[in-house]
Structures are given as C-alpha cells and as structure tokens.
Number of protein chains: 2
Amino acid sequence: MREAENAHQQEKEHEIRALQAQIDPHFLSNTLDTINWIARERSEQKISRMLTALSRILQYSISDGGSVTWRDEIQWLTNYVFLQQTRYESKLEVRYDIDPRILDLTTIHLLLQPFVENSIEHGFQPRQGEGIIVIRGTLEDGCVSMEISDNGCGMSEAKIDAIFSGRSKSNGRPEGIGIFNVHERIRLRYGPPFGVTVTPRREGGTLVRIFFPAIDEK
Amino acid sequence: MREAENAHQQEKEHEIRALQAQIDPHFLSNTLDTINWIARERSEQKISRMLTALSRILQYSISDGGSVTWRDEIQWLTNYVFLQQTRYESKLEVRYDIDPRILDLTTIHLLLQPFVENSIEHGFQPRQGEGIIVIRGTLEDGCVSMEISDNGCGMSEAKIDAIFSGRSKSNGRPEGIGIFNVHERIRLRYGPPFGVTVTPRREGGTLVRIFFPAIDEK
C-alpha cells in the first residue's frame, strides 16, 4: 500500500517535471522568428509586428533577469499591451505617466506582469465598455512608487486578503500567486516598507501600488 | 548568517515559481489565434499553416493528457516536424511506418517529444547533410514497440548511461531529463519489461525503442 502510494507520488512528480519541460521556449521563439521572416518577405507588416512583439515577450521571459531596469519592464508592458489590444480590438487603453528619472533604475524581472495580466484578464473580461489602465510612476525621497490602476470590475477586500495570505484559490488552483510572489520577493530583498499594496478604488476597479527603493546598479 | 541564507533560499524558490508562471500558455495560444485570423483574412496560407501547427502543439501541450492515443501523439509529431522542416528548410525528412492497429491504442501524453526533440536538436544541428528520422511502430503479443531511429551524430554509451541514471548534465543543467522521465513514467505504471532503451546505431545515429503495453481504454 505504502509502495503504491510512493509509486503514485513519484509518477506525479515526474508528470510535473515533464509538464514544465513541455513548451520549450527556445523552440517557440525560433518558430516565431521563422514565421516572422516569411511575413516580412511578404510585406505583411501587421502580422510581423505582432510576431515581433510576441517574440520579444518570450525572449524577455526566458532571459535570466539578472539586471533589469524599469525601462525593460515598460518595454515588456508595451509589447504585451499591444498584443492584448489587437485581441480585444482596441477596447483597452493604457496611459503612461512615468517620471523619466525612474526608467534607468533597477527593478525586478517581470515585476509588472501579474498586475497587468490581472487587470486585463480578470478586471475587464467580464465587463462591457472600454478598459482603461493607468501606469503612474513617481520618484520621491529615494523611493519609486509605481501605481497600476484600472476601471475593471475590481477585487473584494476578502479576495485581496486571501491573495496576500497565499491561500486564494479559483477552481482549486492557486490564484493571484504572481501578485503574492512579487510582494514576497520585494519584502525578502528590501524589507518593509517596500512591497505591494492592492486596494479597491472607490470609483470602481483596483489600485495596485508597488513601493520600491530607487537603486541604480549600473 | 543563517537568516540571510534562508532569505536567499526563499527568494530563489519564489523566483522559480515566478519562472514557471512566466509564459502563460493560454495567452500565447490566444495571441497565435489572433495572428492566425489576420493571416487568413489576408490569404497568407503558409503563415496560417505554420501558426495553426504551432497553436495545435501548444493546445496539446497544455491539455491535461488524461486519455491519449498513439494517433494524438503522431498528430503532435507531424505538426512539430512540419515546423522544424520549415525552420531547417526541408533538410529534415521523417518517414512513418506504423501498424495502423496501434493508432487507437492508449499511450502517455507527450511520450515522443523528448526523443524527436533530441534527434533534431542534438542529432542533426552539428551535422551537415540531410537528417532522416524513421518512426516504426509494430504490434506483437499485446505489446507496442515504437522505434525512433535517426542518422544524426549519435550519443556515446557513457552519455546514454548518464541519462538513464538521471545524472547527465550539460553546462550544469540536467540533460536528457525528458528521456529519463518517459522511461520512469512507463516503468512506474507498467513495470518491466516496459520502458525505453537507447542504443547507438552501428551505421551512425541513435535508435530509441519505446516498449509499451497494447492498451485500449476506450
């Protein structure tokens, strides 16, 4: 009985490892580049632009993320938003209001991803009308404050609490794990008061505030 | 000191978890579909065919793999090979010689992937001339034997031994882990004599033999 359980567990573990190995990002990236060559040869600019954006997102995702600036993150964001806009036929607007002194400061790889994904996938999908996301970056007293606010359908206080305790689930799968991870990574590296806060906006939608030290590692 | 180590470890773990969450396959798949609609609208058949193949590979990869037949695996294979052929400009030929009685029998999700990937990425890339892969499936005494042979640059006995002991590394990263996983998954489920053997071919290249029970779960 014990042995059967062990065997089951081992199989499970191997399946998980196999699952992770499934989509080889290098194969994906190479294939996208091949398709992009063909699109360029045929002067298909819109297709080529989308394939380029997707390829850049992939390349950035698989980079080791050693030293990343806010500029890299914003670059990732514009590519991601461009693709989502094409998908949602421009019913999505993103406004940027970022102090340019922030751009060359150091940050964490894929810091913005879970918040922007969350705004688009969960905040707008169930909603009618145009989705607006505002990214606002300010620099004060050696601290970067990056705010991501949306006019989506919002998150309840209970759900926010659950995410930050790492126990939020949807259909049995962990939810908001990316948001929780980013908060934990900032906390582990820099300690309080740095980290992430998520609050419902009075006028509807969600306000995320990433509080980060102003670091220039170059 | 201990605390710093712990913090470092925790950060590492979160980075790994974040890494896994990086490329959302549903986002990828949706984006590929959007690009494909545009390609079809513009009658770009070659581009559309490639995007369809890539999307199907992704869809199959993210499916739960509950009940999979050899037909599903061969379908995956033809899409994968089609994309690699476009990439390597047809310097790759794949021949199929499969007993049709095998096709509707049950197998394991993404069983063929690591072997075909290995043949193409490691067997041919360093080599000049045309790469030929032969997939041969036979059914005998309630057992399926699926052979994948290539005329690539081959693997040494030492390397094969290392893979099957789970300790093969290339640049510090585990190598051949997919091959080892498939063998272990078959062994755990069905026990000996089922599993995978890899042998160097006398005429050059590698011969993989997957020995699997003939099961019809439908």
# chains A, B, ... in the order shown; residues from 1 in each chain; ligands from 1
>>> residues_around(residues="Ile160 (chain A)", least_positions_apart="4", cutoff="12 Å", atoms="only C-alpha atoms", output="MDAnalysis selection string")
chainID A and resid 154:156 164:169 175:177 179:180 196:200 206:208
>>> residues_around(residues="Asp64 (chain A)", least_positions_apart="4", cutoff="10 Å", atoms="only C-alpha atoms", output="list in words")
Gln59, Tyr60, Val68 and His109 of chain A; Leu19 of chain B
>>> write_last_selection(atoms="N, CA and C atoms", output="PDB file, in the first residue's frame")
ATOM      1  N   GLN A  59      11.381  36.306 -25.367  1.00  0.00           N
ATOM      2  CA  GLN A  59      12.813  36.485 -25.126  1.00  0.00           C
ATOM      3  C   GLN A  59      13.048  37.084 -23.739  1.00  0.00           C
ATOM      4  N   TYR A  60      12.252  38.081 -23.410  1.00  0.00           N
ATOM      5  CA  TYR A  60      12.403  38.727 -22.097  1.00  0.00           C
ATOM      6  C   TYR A  60      12.049  37.749 -20.977  1.00  0.00           C
ATOM      7  N   VAL A  68      17.776  44.209 -14.405  1.00  0.00           N
ATOM      8  CA  VAL A  68      16.631  44.676 -15.167  1.00  0.00           C
ATOM      9  C   VAL A  68      16.281  46.091 -14.730  1.00  0.00           C
ATOM     10  N   HIS A 109      12.781  41.524 -12.470  1.00  0.00           N
ATOM     11  CA  HIS A 109      12.321  40.911 -13.717  1.00  0.00           C
ATOM     12  C   HIS A 109      10.842  40.485 -13.628  1.00  0.00           C
TER      13      HIS A 109
ATOM     14  N   LEU B  19       9.138  31.953 -12.373  1.00  0.00           N
ATOM     15  CA  LEU B  19       9.658  31.472 -13.656  1.00  0.00           C
ATOM     16  C   LEU B  19       8.640  30.562 -14.335  1.00  0.00           C
TER      17      LEU B  19
END
>>> atom_distance(atom1="CA of Glu203 (chain B)", atom2="CA of Asp150 (chain B)")
10.1 Å
>>> atom_distance(atom1="CA of Ser43 (chain B)", atom2="CA of Asn36 (chain A)")
15.9 Å
>>> residues_around(residues="Ile35 (chain B)", least_positions_apart="2", cutoff="12 Å", atoms="only C-alpha atoms", output="PyMOL selection string")
(chain A and resi 32+35-36+39+44-54+83-84+86-87) or (chain B and resi 28-33+37-42+44+47-52+54-55)
>>> closest_residue(among="B:Ile120, B:Ile102, B:Val94, B:Ile210", to="chain A", atoms="only C-alpha atoms")
B:Ile120
>>> select_by_dssp(residues="region 3-214 of chain A", states="alpha helix (DSSP H)", output="MDAnalysis selection string")
chainID A and resid 3:21 25:41 45:62 70:87 113:118 157:164 177:190
>>> closest_residue(among="B:Asn151, B:Gln113, B:Thr107, B:Ser119", to="Phe211 (chain B)", atoms="only C-alpha atoms")
B:Thr107
>>> closest_residue(among="A:Ile135, A:Cys143, A:Leu110, A:Leu92", to="chain B", atoms="only C-alpha atoms")
A:Leu110
>>> residues_around(residues="Leu77 (chain A)", least_positions_apart="3", cutoff="8 Å", atoms="only C-alpha atoms", output="PyMOL selection string")
chain A and resi 73-74+80-81+112-113
>>> write_last_selection(atoms="N, CA, C and O atoms", output="tab-separated table (two decimals), in the first residue's frame")
chain	number	residue	atom	x	y	z
A	73	GLU	N	11.05	46.77	-18.13
A	73	GLU	CA	9.71	46.37	-17.71
A	73	GLU	C	8.63	47.08	-18.53
A	73	GLU	O	7.63	46.48	-18.92
A	74	ILE	N	8.84	48.40	-18.75
A	74	ILE	CA	7.85	49.17	-19.51
A	74	ILE	C	7.84	48.69	-20.97
A	74	ILE	O	6.79	48.61	-21.61
A	80	TYR	N	3.21	43.67	-24.54
A	80	TYR	CA	2.11	42.86	-24.02
A	80	TYR	C	0.77	43.56	-24.28
A	80	TYR	O	-0.19	42.94	-24.76
A	81	VAL	N	0.74	44.86	-23.99
A	81	VAL	CA	-0.49	45.64	-24.18
A	81	VAL	C	-0.87	45.69	-25.66
A	81	VAL	O	-2.04	45.53	-26.03
A	112	LEU	N	5.89	43.69	-13.25
A	112	LEU	CA	4.59	44.25	-13.61
A	112	LEU	C	3.60	43.20	-14.12
A	112	LEU	O	2.39	43.40	-14.07
A	113	GLN	N	4.14	42.10	-14.63
A	113	GLN	CA	3.30	41.11	-15.32
A	113	GLN	C	2.03	40.69	-14.57
A	113	GLN	O	0.93	40.79	-15.12
>>> closest_residue(among="A:Val144, A:Ile215, A:Ile62, A:Leu139", to="chain B", atoms="only C-alpha atoms")
A:Ile62
>>> atom_distance(atom1="CA of Asn181 (chain B)", atom2="CA of Lys91 (chain B)")
29.2 Å
>>> select_by_dssp(residues="region 30-207 of chain A", states="strand (DSSP E)", output="PDB file with N, CA and C atoms, in the first residue's frame")
ATOM      1  N   VAL A  68      17.776  44.209 -14.405  1.00  0.00           N
ATOM      2  CA  VAL A  68      16.631  44.676 -15.167  1.00  0.00           C
ATOM      3  C   VAL A  68      16.281  46.091 -14.730  1.00  0.00           C
ATOM      4  N   THR A  69      15.970  46.964 -15.692  1.00  0.00           N
ATOM      5  CA  THR A  69      15.565  48.334 -15.344  1.00  0.00           C
ATOM      6  C   THR A  69      14.056  48.485 -15.539  1.00  0.00           C
ATOM      7  N   LEU A  92      -9.216  48.553 -25.137  1.00  0.00           N
ATOM      8  CA  LEU A  92      -8.305  48.627 -24.000  1.00  0.00           C
ATOM      9  C   LEU A  92      -7.364  49.796 -24.238  1.00  0.00           C
ATOM     10  N   GLU A  93      -7.296  50.679 -23.248  1.00  0.00           N
ATOM     11  CA  GLU A  93      -6.396  51.816 -23.379  1.00  0.00           C
ATOM     12  C   GLU A  93      -5.440  51.815 -22.197  1.00  0.00           C
ATOM     13  N   VAL A  94      -4.174  52.061 -22.460  1.00  0.00           N
ATOM     14  CA  VAL A  94      -3.211  52.138 -21.370  1.00  0.00           C
ATOM     15  C   VAL A  94      -2.532  53.498 -21.433  1.00  0.00           C
ATOM     16  N   ARG A  95      -2.571  54.224 -20.319  1.00  0.00           N
ATOM     17  CA  ARG A  95      -1.946  55.548 -20.244  1.00  0.00           C
ATOM     18  C   ARG A  95      -0.713  55.466 -19.349  1.00  0.00           C
ATOM     19  N   TYR A  96       0.350  56.090 -19.813  1.00  0.00           N
ATOM     20  CA  TYR A  96       1.592  56.061 -19.045  1.00  0.00           C
ATOM     21  C   TYR A  96       1.888  57.456 -18.504  1.00  0.00           C
ATOM     22  N   ASP A  97       2.257  57.533 -17.262  1.00  0.00           N
ATOM     23  CA  ASP A  97       2.634  58.808 -16.661  1.00  0.00           C
ATOM     24  C   ASP A  97       3.782  58.498 -15.705  1.00  0.00           C
ATOM     25  N   ILE A  98       4.988  58.403 -16.297  1.00  0.00           N
ATOM     26  CA  ILE A  98       6.129  57.895 -15.535  1.00  0.00           C
ATOM     27  C   ILE A  98       7.258  58.928 -15.515  1.00  0.00           C
ATOM     28  N   THR A 106      17.083  50.284 -11.318  1.00  0.00           N
ATOM     29  CA  THR A 106      16.995  48.820 -11.304  1.00  0.00           C
ATOM     30  C   THR A 106      15.666  48.355 -10.706  1.00  0.00           C
ATOM     31  N   THR A 107      15.128  47.297 -11.261  1.00  0.00           N
ATOM     32  CA  THR A 107      13.947  46.677 -10.648  1.00  0.00           C
ATOM     33  C   THR A 107      14.042  45.160 -10.763  1.00  0.00           C
ATOM     34  N   GLY A 131     -11.824  49.370 -21.366  1.00  0.00           N
ATOM     35  CA  GLY A 131     -10.966  49.220 -20.195  1.00  0.00           C
ATOM     36  C   GLY A 131      -9.830  50.234 -20.249  1.00  0.00           C
ATOM     37  N   ILE A 132      -9.595  50.895 -19.137  1.00  0.00           N
ATOM     38  CA  ILE A 132      -8.504  51.874 -19.082  1.00  0.00           C
ATOM     39  C   ILE A 132      -7.560  51.496 -17.940  1.00  0.00           C
ATOM     40  N   ILE A 133      -6.275  51.406 -18.268  1.00  0.00           N
ATOM     41  CA  ILE A 133      -5.267  51.150 -17.240  1.00  0.00           C
ATOM     42  C   ILE A 133      -4.337  52.358 -17.209  1.00  0.00           C
ATOM     43  N   VAL A 134      -4.079  52.872 -16.024  1.00  0.00           N
ATOM     44  CA  VAL A 134      -3.141  53.988 -15.901  1.00  0.00           C
ATOM     45  C   VAL A 134      -1.926  53.512 -15.108  1.00  0.00           C
ATOM     46  N   ILE A 135      -0.741  53.715 -15.715  1.00  0.00           N
ATOM     47  CA  ILE A 135       0.510  53.350 -15.043  1.00  0.00           C
ATOM     48  C   ILE A 135       1.177  54.657 -14.627  1.00  0.00           C
ATOM     49  N   ARG A 136       1.351  54.856 -13.348  1.00  0.00           N
ATOM     50  CA  ARG A 136       1.875  56.121 -12.865  1.00  0.00           C
ATOM     51  C   ARG A 136       3.103  55.848 -12.004  1.00  0.00           C
ATOM     52  N   GLY A 137       4.245  56.384 -12.431  1.00  0.00           N
ATOM     53  CA  GLY A 137       5.487  56.161 -11.694  1.00  0.00           C
ATOM     54  C   GLY A 137       6.034  57.464 -11.145  1.00  0.00           C
ATOM     55  N   THR A 138       6.254  57.517  -9.820  1.00  0.00           N
ATOM     56  CA  THR A 138       6.818  58.730  -9.216  1.00  0.00           C
ATOM     57  C   THR A 138       8.068  58.362  -8.405  1.00  0.00           C
ATOM     58  N   LEU A 139       8.940  59.375  -8.275  1.00  0.00           N
ATOM     59  CA  LEU A 139      10.197  59.175  -7.550  1.00  0.00           C
ATOM     60  C   LEU A 139      10.249  60.214  -6.443  1.00  0.00           C
ATOM     61  N   GLU A 140      10.394  59.754  -5.197  1.00  0.00           N
ATOM     62  CA  GLU A 140      10.416  60.698  -4.076  1.00  0.00           C
ATOM     63  C   GLU A 140      11.223  60.112  -2.918  1.00  0.00           C
ATOM     64  N   CYS A 143      12.679  56.682  -3.191  1.00  0.00           N
ATOM     65  CA  CYS A 143      11.741  55.569  -3.351  1.00  0.00           C
ATOM     66  C   CYS A 143      10.964  55.712  -4.651  1.00  0.00           C
ATOM     67  N   VAL A 144      10.768  54.587  -5.317  1.00  0.00           N
ATOM     68  CA  VAL A 144       9.939  54.555  -6.513  1.00  0.00           C
ATOM     69  C   VAL A 144       8.559  54.059  -6.118  1.00  0.00           C
ATOM     70  N   SER A 145       7.538  54.775  -6.561  1.00  0.00           N
ATOM     71  CA  SER A 145       6.175  54.294  -6.362  1.00  0.00           C
ATOM     72  C   SER A 145       5.566  54.073  -7.745  1.00  0.00           C
ATOM     73  N   MET A 146       5.226  52.837  -8.049  1.00  0.00           N
ATOM     74  CA  MET A 146       4.637  52.526  -9.351  1.00  0.00           C
ATOM     75  C   MET A 146       3.193  52.095  -9.107  1.00  0.00           C
ATOM     76  N   GLU A 147       2.277  52.895  -9.637  1.00  0.00           N
ATOM     77  CA  GLU A 147       0.857  52.600  -9.422  1.00  0.00           C
ATOM     78  C   GLU A 147       0.212  52.091 -10.704  1.00  0.00           C
ATOM     79  N   ILE A 148      -0.573  51.041 -10.564  1.00  0.00           N
ATOM     80  CA  ILE A 148      -1.310  50.488 -11.706  1.00  0.00           C
ATOM     81  C   ILE A 148      -2.781  50.525 -11.313  1.00  0.00           C
ATOM     82  N   SER A 149      -3.537  51.406 -11.952  1.00  0.00           N
ATOM     83  CA  SER A 149      -4.960  51.463 -11.598  1.00  0.00           C
ATOM     84  C   SER A 149      -5.793  51.130 -12.827  1.00  0.00           C
ATOM     85  N   ASP A 150      -6.902  50.453 -12.604  1.00  0.00           N
ATOM     86  CA  ASP A 150      -7.785  50.116 -13.717  1.00  0.00           C
ATOM     87  C   ASP A 150      -9.228  50.434 -13.348  1.00  0.00           C
ATOM     88  N   LYS A 169      -7.789  30.692  -3.901  1.00  0.00           N
ATOM     89  CA  LYS A 169      -7.906  29.634  -4.894  1.00  0.00           C
ATOM     90  C   LYS A 169      -9.095  29.875  -5.805  1.00  0.00           C
ATOM     91  N   SER A 170      -8.942  29.462  -7.073  1.00  0.00           N
ATOM     92  CA  SER A 170     -10.050  29.512  -8.012  1.00  0.00           C
ATOM     93  C   SER A 170     -10.065  28.175  -8.730  1.00  0.00           C
ATOM     94  N   ARG A 173      -7.178  25.859  -7.993  1.00  0.00           N
ATOM     95  CA  ARG A 173      -5.801  26.255  -8.331  1.00  0.00           C
ATOM     96  C   ARG A 173      -5.447  27.573  -7.649  1.00  0.00           C
ATOM     97  N   PRO A 174      -4.188  27.719  -7.253  1.00  0.00           N
ATOM     98  CA  PRO A 174      -3.832  28.967  -6.580  1.00  0.00           C
ATOM     99  C   PRO A 174      -4.073  30.158  -7.498  1.00  0.00           C
ATOM    100  N   GLY A 195       7.220  46.890  -0.886  1.00  0.00           N
ATOM    101  CA  GLY A 195       6.308  45.786  -1.163  1.00  0.00           C
ATOM    102  C   GLY A 195       5.130  46.270  -2.004  1.00  0.00           C
ATOM    103  N   VAL A 196       4.060  45.493  -1.961  1.00  0.00           N
ATOM    104  CA  VAL A 196       2.904  45.767  -2.818  1.00  0.00           C
ATOM    105  C   VAL A 196       1.649  45.949  -1.971  1.00  0.00           C
ATOM    106  N   THR A 197       0.847  46.936  -2.330  1.00  0.00           N
ATOM    107  CA  THR A 197      -0.491  47.027  -1.730  1.00  0.00           C
ATOM    108  C   THR A 197      -1.532  47.021  -2.847  1.00  0.00           C
ATOM    109  N   VAL A 198      -2.646  46.366  -2.582  1.00  0.00           N
ATOM    110  CA  VAL A 198      -3.751  46.339  -3.544  1.00  0.00           C
ATOM    111  C   VAL A 198      -4.985  46.859  -2.822  1.00  0.00           C
ATOM    112  N   THR A 199      -5.627  47.860  -3.387  1.00  0.00           N
ATOM    113  CA  THR A 199      -6.840  48.402  -2.752  1.00  0.00           C
ATOM    114  C   THR A 199      -7.947  48.601  -3.788  1.00  0.00           C
ATOM    115  N   PRO A 200      -9.192  48.346  -3.394  1.00  0.00           N
ATOM    116  CA  PRO A 200     -10.302  48.619  -4.308  1.00  0.00           C
ATOM    117  C   PRO A 200     -10.428  50.138  -4.457  1.00  0.00           C
ATOM    118  N   THR A 206      -9.405  48.627  -9.490  1.00  0.00           N
ATOM    119  CA  THR A 206      -8.401  48.266  -8.496  1.00  0.00           C
ATOM    120  C   THR A 206      -7.199  49.206  -8.606  1.00  0.00           C
ATOM    121  N   LEU A 207      -6.610  49.522  -7.461  1.00  0.00           N
ATOM    122  CA  LEU A 207      -5.371  50.299  -7.452  1.00  0.00           C
ATOM    123  C   LEU A 207      -4.261  49.451  -6.834  1.00  0.00           C
TER     124      LEU A 207
END
>>> closest_residue(among="B:Arg71, B:Lys218, B:Arg209, B:Arg187", to="chain A", atoms="only C-alpha atoms")
B:Arg187
>>> closest_residue(among="B:Glu157, B:Asp141, B:Leu188, B:Ile163", to="chain A", atoms="only C-alpha atoms")
B:Leu188
